[in-house]
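Q: Quick one: the structure is below, questions incoming.
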Amino acid sequence: MENSIKDSYNKICKKWSEFRKNTSINQCIVDFANNLSPNSRVLDIGCGTGYPIALYLSKQGFQVTGIDISEEMIKQAQKLNLHNATFLVEDILNFKTDKKYDAIIAFDSIWHIRYDKQECIYQIISSLLTSGGLFLFTHGKNDGEIISTMWKESFYHSALDLEKVRESHSLIEASASQLKPSNLS
């Protein structure tokens, strides 16, 4: 499953990059950043090309580490040449570091992880966060698995029930907001 996600994102990288360059930063990310201390260390899981999230966080002065399973996406992110950002080809399920992060953001990424690995992803994220660290993520609408299509490429999605995630991982605040779909075809 991981290879098909990686392959699909590698194939659409150019289109994805152009699309994301023209995407404005979501207000919830601005609010998230406003709750961080200067020079906070932020992990961006599934950073893609770095647009717009890693770029925005870097410009706010945060120390950003962006990871993505797609080599092509990371190549594009590295071209941003941000002095306070590092971009690595990594699978979050195998990511090893001695660092702890003040904040972790995972937009449009966790839902690509296999359903049977969904529970452990939150344990991994918890182990990477400092005490009191912030975690902002997008989550699938329903518990289960689906396949979607974007630019004629197939993408696997899965999610656990959000209420179960909140309860079992002691998330202090969980709020849902509807992000507008981006009719990518």
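Following the order of the structure tokens, first chain is A, next is B, and so on, with residues numbered from 1 inside each chain and ligands from 1 in the order they appear.
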Would you give me, as a PDB file with N, CA and C atoms, in the first residue's frame, the residues in chain A that DSSP reads as helix (DSSP H, G or I)?
A:
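Generated output (selection.pdb):
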ATOM      1  N   GLU A   2       1.928   1.274   0.843  1.00  0.00           N
ATOM      2  CA  GLU A   2       2.790   2.448   0.923  1.00  0.00           C
ATOM      3  C   GLU A   2       3.419   2.753  -0.434  1.00  0.00           C
ATOM      4  N   ASN A   3       3.841   1.698  -1.144  1.00  0.00           N
ATOM      5  CA  ASN A   3       4.460   1.914  -2.450  1.00  0.00           C
ATOM      6  C   ASN A   3       3.483   2.501  -3.451  1.00  0.00           C
ATOM      7  N   SER A   4       2.209   2.087  -3.410  1.00  0.00           N
ATOM      8  CA  SER A   4       1.261   2.642  -4.374  1.00  0.00           C
ATOM      9  C   SER A   4       0.988   4.116  -4.076  1.00  0.00           C
ATOM     10  N   ILE A   5       0.932   4.505  -2.812  1.00  0.00           N
ATOM     11  CA  ILE A   5       0.771   5.917  -2.451  1.00  0.00           C
ATOM     12  C   ILE A   5       1.989   6.697  -2.925  1.00  0.00           C
ATOM     13  N   LYS A   6       3.168   6.171  -2.622  1.00  0.00           N
ATOM     14  CA  LYS A   6       4.409   6.824  -3.043  1.00  0.00           C
ATOM     15  C   LYS A   6       4.442   6.968  -4.561  1.00  0.00           C
ATOM     16  N   ASP A   7       4.146   5.894  -5.274  1.00  0.00           N
ATOM     17  CA  ASP A   7       4.163   5.926  -6.738  1.00  0.00           C
ATOM     18  C   ASP A   7       3.147   6.925  -7.289  1.00  0.00           C
ATOM     19  N   SER A   8       1.953   6.934  -6.703  1.00  0.00           N
ATOM     20  CA  SER A   8       0.918   7.863  -7.178  1.00  0.00           C
ATOM     21  C   SER A   8       1.345   9.309  -6.976  1.00  0.00           C
ATOM     22  N   TYR A   9       1.885   9.628  -5.805  1.00  0.00           N
ATOM     23  CA  TYR A   9       2.335  11.007  -5.567  1.00  0.00           C
ATOM     24  C   TYR A   9       3.548  11.358  -6.422  1.00  0.00           C
ATOM     25  N   ASN A  10       4.433  10.408  -6.652  1.00  0.00           N
ATOM     26  CA  ASN A  10       5.554  10.675  -7.560  1.00  0.00           C
ATOM     27  C   ASN A  10       5.042  11.031  -8.956  1.00  0.00           C
ATOM     28  N   LYS A  11       4.001  10.322  -9.406  1.00  0.00           N
ATOM     29  CA  LYS A  11       3.465  10.554 -10.751  1.00  0.00           C
ATOM     30  C   LYS A  11       2.763  11.903 -10.890  1.00  0.00           C
ATOM     31  N   ILE A  12       2.094  12.366  -9.839  1.00  0.00           N
ATOM     32  CA  ILE A  12       1.340  13.623  -9.942  1.00  0.00           C
ATOM     33  C   ILE A  12       2.117  14.820  -9.402  1.00  0.00           C
ATOM     34  N   CYS A  13       3.365  14.633  -9.068  1.00  0.00           N
ATOM     35  CA  CYS A  13       4.143  15.668  -8.392  1.00  0.00           C
ATOM     36  C   CYS A  13       4.084  17.024  -9.086  1.00  0.00           C
ATOM     37  N   LYS A  14       4.265  17.059 -10.372  1.00  0.00           N
ATOM     38  CA  LYS A  14       4.286  18.337 -11.090  1.00  0.00           C
ATOM     39  C   LYS A  14       2.936  19.053 -10.967  1.00  0.00           C
ATOM     40  N   LYS A  15       1.847  18.329 -11.206  1.00  0.00           N
ATOM     41  CA  LYS A  15       0.510  18.927 -11.090  1.00  0.00           C
ATOM     42  C   LYS A  15       0.235  19.347  -9.649  1.00  0.00           C
ATOM     43  N   TRP A  16       0.610  18.486  -8.699  1.00  0.00           N
ATOM     44  CA  TRP A  16       0.398  18.781  -7.281  1.00  0.00           C
ATOM     45  C   TRP A  16       1.150  20.051  -6.888  1.00  0.00           C
ATOM     46  N   SER A  17       2.383  20.165  -7.344  1.00  0.00           N
ATOM     47  CA  SER A  17       3.208  21.325  -7.023  1.00  0.00           C
ATOM     48  C   SER A  17       2.556  22.612  -7.527  1.00  0.00           C
ATOM     49  N   GLU A  18       2.098  22.605  -8.760  1.00  0.00           N
ATOM     50  CA  GLU A  18       1.435  23.797  -9.313  1.00  0.00           C
ATOM     51  C   GLU A  18       0.157  24.119  -8.551  1.00  0.00           C
ATOM     52  N   PHE A  19      -0.611  23.096  -8.244  1.00  0.00           N
ATOM     53  CA  PHE A  19      -1.851  23.297  -7.493  1.00  0.00           C
ATOM     54  C   PHE A  19      -1.561  23.899  -6.124  1.00  0.00           C
ATOM     55  N   ARG A  20      -0.593  23.330  -5.401  1.00  0.00           N
ATOM     56  CA  ARG A  20      -0.297  23.789  -4.039  1.00  0.00           C
ATOM     57  C   ARG A  20       0.338  25.178  -4.011  1.00  0.00           C
ATOM     58  N   LYS A  21       1.084  25.535  -5.044  1.00  0.00           N
ATOM     59  CA  LYS A  21       1.661  26.889  -5.108  1.00  0.00           C
ATOM     60  C   LYS A  21       0.567  27.947  -5.139  1.00  0.00           C
ATOM     61  N   GLN A  27      -6.909  28.942   7.560  1.00  0.00           N
ATOM     62  CA  GLN A  27      -6.956  29.707   8.811  1.00  0.00           C
ATOM     63  C   GLN A  27      -6.601  28.856  10.023  1.00  0.00           C
ATOM     64  N   CYS A  28      -6.941  27.589  10.019  1.00  0.00           N
ATOM     65  CA  CYS A  28      -6.610  26.752  11.180  1.00  0.00           C
ATOM     66  C   CYS A  28      -5.093  26.596  11.326  1.00  0.00           C
ATOM     67  N   ILE A  29      -4.352  26.684  10.227  1.00  0.00           N
ATOM     68  CA  ILE A  29      -2.889  26.614  10.298  1.00  0.00           C
ATOM     69  C   ILE A  29      -2.334  27.920  10.858  1.00  0.00           C
ATOM     70  N   VAL A  30      -2.922  29.040  10.467  1.00  0.00           N
ATOM     71  CA  VAL A  30      -2.528  30.339  11.028  1.00  0.00           C
ATOM     72  C   VAL A  30      -2.768  30.332  12.536  1.00  0.00           C
ATOM     73  N   ASP A  31      -3.939  29.871  12.952  1.00  0.00           N
ATOM     74  CA  ASP A  31      -4.259  29.804  14.385  1.00  0.00           C
ATOM     75  C   ASP A  31      -3.299  28.877  15.115  1.00  0.00           C
ATOM     76  N   PHE A  32      -2.995  27.757  14.517  1.00  0.00           N
ATOM     77  CA  PHE A  32      -2.041  26.788  15.068  1.00  0.00           C
ATOM     78  C   PHE A  32      -0.690  27.466  15.285  1.00  0.00           C
ATOM     79  N   ALA A  33      -0.191  28.146  14.262  1.00  0.00           N
ATOM     80  CA  ALA A  33       1.108  28.831  14.347  1.00  0.00           C
ATOM     81  C   ALA A  33       1.096  29.922  15.411  1.00  0.00           C
ATOM     82  N   ASN A  34      -0.032  30.597  15.556  1.00  0.00           N
ATOM     83  CA  ASN A  34      -0.133  31.665  16.557  1.00  0.00           C
ATOM     84  C   ASN A  34      -0.042  31.144  17.986  1.00  0.00           C
ATOM     85  N   ILE A  53       2.207  24.860   3.483  1.00  0.00           N
ATOM     86  CA  ILE A  53       2.330  24.756   4.938  1.00  0.00           C
ATOM     87  C   ILE A  53       3.761  24.928   5.436  1.00  0.00           C
ATOM     88  N   ALA A  54       4.692  24.114   4.973  1.00  0.00           N
ATOM     89  CA  ALA A  54       6.076  24.215   5.462  1.00  0.00           C
ATOM     90  C   ALA A  54       6.659  25.586   5.143  1.00  0.00           C
ATOM     91  N   LEU A  55       6.350  26.101   3.969  1.00  0.00           N
ATOM     92  CA  LEU A  55       6.824  27.430   3.584  1.00  0.00           C
ATOM     93  C   LEU A  55       6.301  28.484   4.557  1.00  0.00           C
ATOM     94  N   TYR A  56       5.016  28.447   4.857  1.00  0.00           N
ATOM     95  CA  TYR A  56       4.411  29.399   5.794  1.00  0.00           C
ATOM     96  C   TYR A  56       5.049  29.284   7.180  1.00  0.00           C
ATOM     97  N   LEU A  57       5.152  28.059   7.693  1.00  0.00           N
ATOM     98  CA  LEU A  57       5.715  27.866   9.031  1.00  0.00           C
ATOM     99  C   LEU A  57       7.166  28.327   9.095  1.00  0.00           C
ATOM    100  N   SER A  58       7.911  28.076   8.049  1.00  0.00           N
ATOM    101  CA  SER A  58       9.299  28.519   7.986  1.00  0.00           C
ATOM    102  C   SER A  58       9.381  30.047   8.009  1.00  0.00           C
ATOM    103  N   LYS A  59       8.519  30.692   7.246  1.00  0.00           N
ATOM    104  CA  LYS A  59       8.511  32.160   7.209  1.00  0.00           C
ATOM    105  C   LYS A  59       8.107  32.764   8.553  1.00  0.00           C
ATOM    106  N   GLU A  71       9.661  10.682  -3.106  1.00  0.00           N
ATOM    107  CA  GLU A  71      10.955  11.288  -3.435  1.00  0.00           C
ATOM    108  C   GLU A  71      10.780  12.539  -4.293  1.00  0.00           C
ATOM    109  N   GLU A  72       9.859  12.484  -5.242  1.00  0.00           N
ATOM    110  CA  GLU A  72       9.650  13.621  -6.146  1.00  0.00           C
ATOM    111  C   GLU A  72       9.116  14.838  -5.398  1.00  0.00           C
ATOM    112  N   MET A  73       8.225  14.610  -4.443  1.00  0.00           N
ATOM    113  CA  MET A  73       7.700  15.722  -3.643  1.00  0.00           C
ATOM    114  C   MET A  73       8.826  16.363  -2.831  1.00  0.00           C
ATOM    115  N   ILE A  74       9.665  15.548  -2.226  1.00  0.00           N
ATOM    116  CA  ILE A  74      10.769  16.074  -1.415  1.00  0.00           C
ATOM    117  C   ILE A  74      11.769  16.832  -2.284  1.00  0.00           C
ATOM    118  N   LYS A  75      12.028  16.358  -3.485  1.00  0.00           N
ATOM    119  CA  LYS A  75      12.923  17.096  -4.392  1.00  0.00           C
ATOM    120  C   LYS A  75      12.397  18.512  -4.627  1.00  0.00           C
ATOM    121  N   GLN A  76      11.080  18.622  -4.820  1.00  0.00           N
ATOM    122  CA  GLN A  76      10.479  19.945  -5.020  1.00  0.00           C
ATOM    123  C   GLN A  76      10.583  20.790  -3.751  1.00  0.00           C
ATOM    124  N   ALA A  77      10.328  20.191  -2.607  1.00  0.00           N
ATOM    125  CA  ALA A  77      10.405  20.927  -1.336  1.00  0.00           C
ATOM    126  C   ALA A  77      11.823  21.441  -1.090  1.00  0.00           C
ATOM    127  N   GLN A  78      12.813  20.631  -1.390  1.00  0.00           N
ATOM    128  CA  GLN A  78      14.203  21.041  -1.173  1.00  0.00           C
ATOM    129  C   GLN A  78      14.589  22.227  -2.046  1.00  0.00           C
ATOM    130  N   ILE A  92       6.510   7.925   7.937  1.00  0.00           N
ATOM    131  CA  ILE A  92       6.308   8.209   9.364  1.00  0.00           C
ATOM    132  C   ILE A  92       6.295   6.930  10.194  1.00  0.00           C
ATOM    133  N   LEU A  93       5.864   5.826   9.619  1.00  0.00           N
ATOM    134  CA  LEU A  93       5.828   4.571  10.375  1.00  0.00           C
ATOM    135  C   LEU A  93       7.226   4.058  10.709  1.00  0.00           C
ATOM    136  N   ASN A  94       8.237   4.508   9.964  1.00  0.00           N
ATOM    137  CA  ASN A  94       9.620   4.074  10.196  1.00  0.00           C
ATOM    138  C   ASN A  94      10.545   5.225  10.576  1.00  0.00           C
ATOM    139  N   ILE A 110      -2.160  11.431   7.168  1.00  0.00           N
ATOM    140  CA  ILE A 110      -2.437  10.271   8.023  1.00  0.00           C
ATOM    141  C   ILE A 110      -3.463   9.342   7.385  1.00  0.00           C
ATOM    142  N   TRP A 111      -4.373   9.901   6.646  1.00  0.00           N
ATOM    143  CA  TRP A 111      -5.411   9.049   6.048  1.00  0.00           C
ATOM    144  C   TRP A 111      -4.902   8.169   4.916  1.00  0.00           C
ATOM    145  N   HIS A 112      -3.643   8.319   4.532  1.00  0.00           N
ATOM    146  CA  HIS A 112      -3.053   7.410   3.546  1.00  0.00           C
ATOM    147  C   HIS A 112      -2.395   6.197   4.204  1.00  0.00           C
ATOM    148  N   TYR A 115      -5.230   1.040   7.266  1.00  0.00           N
ATOM    149  CA  TYR A 115      -6.199   1.007   8.361  1.00  0.00           C
ATOM    150  C   TYR A 115      -5.643   0.259   9.570  1.00  0.00           C
ATOM    151  N   ASP A 116      -4.959  -0.865   9.333  1.00  0.00           N
ATOM    152  CA  ASP A 116      -4.445  -1.647  10.458  1.00  0.00           C
ATOM    153  C   ASP A 116      -3.264  -0.966  11.152  1.00  0.00           C
ATOM    154  N   LYS A 117      -2.763   0.128  10.605  1.00  0.00           N
ATOM    155  CA  LYS A 117      -1.670   0.896  11.225  1.00  0.00           C
ATOM    156  C   LYS A 117      -2.158   2.229  11.795  1.00  0.00           C
ATOM    157  N   GLN A 118      -3.440   2.519  11.630  1.00  0.00           N
ATOM    158  CA  GLN A 118      -3.964   3.801  12.094  1.00  0.00           C
ATOM    159  C   GLN A 118      -3.770   4.000  13.604  1.00  0.00           C
ATOM    160  N   GLU A 119      -4.028   2.984  14.377  1.00  0.00           N
ATOM    161  CA  GLU A 119      -3.905   3.120  15.838  1.00  0.00           C
ATOM    162  C   GLU A 119      -2.477   3.465  16.238  1.00  0.00           C
ATOM    163  N   CYS A 120      -1.501   2.806  15.652  1.00  0.00           N
ATOM    164  CA  CYS A 120      -0.113   3.033  16.065  1.00  0.00           C
ATOM    165  C   CYS A 120       0.422   4.386  15.616  1.00  0.00           C
ATOM    166  N   ILE A 121      -0.156   4.989  14.582  1.00  0.00           N
ATOM    167  CA  ILE A 121       0.357   6.280  14.123  1.00  0.00           C
ATOM    168  C   ILE A 121       0.236   7.339  15.214  1.00  0.00           C
ATOM    169  N   TYR A 122      -0.837   7.283  15.975  1.00  0.00           N
ATOM    170  CA  TYR A 122      -1.024   8.278  17.039  1.00  0.00           C
ATOM    171  C   TYR A 122      -0.038   8.049  18.184  1.00  0.00           C
ATOM    172  N   GLN A 123       0.337   6.806  18.418  1.00  0.00           N
ATOM    173  CA  GLN A 123       1.368   6.508  19.416  1.00  0.00           C
ATOM    174  C   GLN A 123       2.719   7.046  18.955  1.00  0.00           C
ATOM    175  N   ILE A 124       3.023   6.889  17.680  1.00  0.00           N
ATOM    176  CA  ILE A 124       4.275   7.414  17.124  1.00  0.00           C
ATOM    177  C   ILE A 124       4.306   8.933  17.267  1.00  0.00           C
ATOM    178  N   ILE A 125       3.229   9.578  16.898  1.00  0.00           N
ATOM    179  CA  ILE A 125       3.161  11.040  16.981  1.00  0.00           C
ATOM    180  C   ILE A 125       3.318  11.494  18.423  1.00  0.00           C
ATOM    181  N   SER A 126       2.652  10.827  19.335  1.00  0.00           N
ATOM    182  CA  SER A 126       2.775  11.165  20.756  1.00  0.00           C
ATOM    183  C   SER A 126       4.219  11.058  21.232  1.00  0.00           C
ATOM    184  N   SER A 127       4.935  10.044  20.759  1.00  0.00           N
ATOM    185  CA  SER A 127       6.331   9.859  21.177  1.00  0.00           C
ATOM    186  C   SER A 127       7.252  10.938  20.609  1.00  0.00           C
ATOM    187  N   LEU A 128       6.838  11.602  19.549  1.00  0.00           N
ATOM    188  CA  LEU A 128       7.648  12.648  18.922  1.00  0.00           C
ATOM    189  C   LEU A 128       7.356  14.046  19.463  1.00  0.00           C
ATOM    190  N   LEU A 162     -13.124   9.264  14.686  1.00  0.00           N
ATOM    191  CA  LEU A 162     -12.451  10.398  15.323  1.00  0.00           C
ATOM    192  C   LEU A 162     -12.689  10.443  16.830  1.00  0.00           C
ATOM    193  N   GLU A 163     -13.871  10.107  17.264  1.00  0.00           N
ATOM    194  CA  GLU A 163     -14.157  10.119  18.706  1.00  0.00           C
ATOM    195  C   GLU A 163     -13.306   9.086  19.439  1.00  0.00           C
ATOM    196  N   LYS A 164     -13.113   7.919  18.835  1.00  0.00           N
ATOM    197  CA  LYS A 164     -12.250   6.897  19.436  1.00  0.00           C
ATOM    198  C   LYS A 164     -10.810   7.383  19.518  1.00  0.00           C
ATOM    199  N   VAL A 165     -10.351   8.053  18.464  1.00  0.00           N
ATOM    200  CA  VAL A 165      -8.986   8.596  18.457  1.00  0.00           C
ATOM    201  C   VAL A 165      -8.844   9.614  19.582  1.00  0.00           C
ATOM    202  N   ARG A 166      -9.800  10.500  19.690  1.00  0.00           N
ATOM    203  CA  ARG A 166      -9.755  11.537  20.724  1.00  0.00           C
ATOM    204  C   ARG A 166      -9.702  10.925  22.118  1.00  0.00           C
ATOM    205  N   GLU A 167     -10.552   9.965  22.366  1.00  0.00           N
ATOM    206  CA  GLU A 167     -10.617   9.340  23.691  1.00  0.00           C
ATOM    207  C   GLU A 167      -9.391   8.484  23.994  1.00  0.00           C
ATOM    208  N   SER A 168      -8.979   7.657  23.071  1.00  0.00           N
ATOM    209  CA  SER A 168      -7.891   6.719  23.355  1.00  0.00           C
ATOM    210  C   SER A 168      -6.519   7.370  23.369  1.00  0.00           C
TER     211      SER A 168
END
Q: Quick one: pick out all strand (DSSP E) residues within region 19-181 of chain A from a backbone DSSP run and write them as a PDB file with C-alpha atoms, in the first residue's frame.
A:
ATOM      1  CA  ARG A  41      10.374  22.858  16.243  1.00  0.00           C
ATOM      2  CA  VAL A  42       7.615  21.655  13.930  1.00  0.00           C
ATOM      3  CA  LEU A  43       7.323  18.300  12.169  1.00  0.00           C
ATOM      4  CA  ASP A  44       5.251  18.390   8.971  1.00  0.00           C
ATOM      5  CA  ILE A  45       4.155  14.818   8.197  1.00  0.00           C
ATOM      6  CA  GLN A  63      12.357  25.199  12.707  1.00  0.00           C
ATOM      7  CA  VAL A  64      10.567  22.888  10.264  1.00  0.00           C
ATOM      8  CA  THR A  65      11.272  19.259   9.477  1.00  0.00           C
ATOM      9  CA  GLY A  66       9.159  18.044   6.576  1.00  0.00           C
ATOM     10  CA  ILE A  67       8.862  14.350   5.799  1.00  0.00           C
ATOM     11  CA  ASP A  68       7.141  12.659   2.895  1.00  0.00           C
ATOM     12  CA  ALA A  85      13.633  23.814   7.088  1.00  0.00           C
ATOM     13  CA  THR A  86      14.848  20.309   6.344  1.00  0.00           C
ATOM     14  CA  PHE A  87      12.987  17.987   3.983  1.00  0.00           C
ATOM     15  CA  LEU A  88      13.481  14.223   4.157  1.00  0.00           C
ATOM     16  CA  VAL A  89      12.165  11.203   2.270  1.00  0.00           C
ATOM     17  CA  TYR A 101       8.856  18.496  18.371  1.00  0.00           C
ATOM     18  CA  ASP A 102       6.862  21.340  19.903  1.00  0.00           C
ATOM     19  CA  ALA A 103       4.233  20.823  17.242  1.00  0.00           C
ATOM     20  CA  ILE A 104       3.316  18.285  14.598  1.00  0.00           C
ATOM     21  CA  ILE A 105       1.107  18.964  11.625  1.00  0.00           C
ATOM     22  CA  ALA A 106      -0.285  16.240   9.369  1.00  0.00           C
ATOM     23  CA  LEU A 129       5.852  15.502  20.715  1.00  0.00           C
ATOM     24  CA  THR A 130       7.225  17.447  23.659  1.00  0.00           C
ATOM     25  CA  SER A 131       5.058  17.524  26.766  1.00  0.00           C
ATOM     26  CA  GLY A 132       2.214  19.925  26.017  1.00  0.00           C
ATOM     27  CA  GLY A 133       3.037  19.885  22.301  1.00  0.00           C
ATOM     28  CA  LEU A 134       0.414  20.679  19.689  1.00  0.00           C
ATOM     29  CA  PHE A 135      -0.878  18.314  17.017  1.00  0.00           C
ATOM     30  CA  LEU A 136      -2.989  19.487  14.080  1.00  0.00           C
ATOM     31  CA  PHE A 137      -4.228  16.966  11.532  1.00  0.00           C
ATOM     32  CA  GLY A 144     -12.987   2.606   7.312  1.00  0.00           C
ATOM     33  CA  GLU A 145     -11.177   2.492   3.983  1.00  0.00           C
ATOM     34  CA  ILE A 146     -11.807   3.927   0.511  1.00  0.00           C
ATOM     35  CA  ILE A 147      -9.988   4.443  -2.783  1.00  0.00           C
ATOM     36  CA  SER A 148     -10.186   7.842  -4.480  1.00  0.00           C
ATOM     37  CA  THR A 149      -8.864   9.184  -7.762  1.00  0.00           C
ATOM     38  CA  MET A 150      -6.913  12.375  -8.366  1.00  0.00           C
ATOM     39  CA  GLU A 153      -4.157   8.180 -10.122  1.00  0.00           C
ATOM     40  CA  SER A 154      -5.646   6.002  -7.369  1.00  0.00           C
ATOM     41  CA  PHE A 155      -5.166   6.924  -3.715  1.00  0.00           C
ATOM     42  CA  TYR A 156      -5.907   4.766  -0.690  1.00  0.00           C
ATOM     43  CA  HIS A 157      -7.525   6.435   2.348  1.00  0.00           C
ATOM     44  CA  SER A 158      -8.384   5.091   5.784  1.00  0.00           C
ATOM     45  CA  ALA A 159      -9.454   6.504   9.119  1.00  0.00           C
TER      46      ALA A 159
END
Q: Of the candidates A:Asp161, A:Lys99, A:Gly50, A:Leu36, which one gets nearest to Asn81 (chain A) if we count only C-alpha atoms?
A: A:Gly50
Q: Tell me which of A:Asn142, A:Asn35, A:Ser40, A:Asn26 sits closest to Pro52 (chain A), counting only C-alpha atoms.
A: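 Checking each candidate against Pro52 (chain A), we get A:Asn26 as the closest.
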Q: Which is closer to Gly46 (chain A) than all the others in A:Leu160, A:Ile25, A:Leu82, A:Ile113, using only C-alpha atoms?
A: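 Ranked by minimum distance to Gly46 (chain A), first place goes to A:Ile113.
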Q: Between CA of Lys141 (chain A) and CA of Ser109 (chain A), what is the spacing in Å?
A: 13.7 Å
Q: Enter the distance from CA of Thr138 (chain A) to CA of Asp98 (chain A), in Å, rounded to one decimal.
A: 25.5 Å
Q: One decimal, in Å: what's the spacing between CA of Asp91 (chain A) and CA of Gly48 (chain A)?
A: 12.2 Å
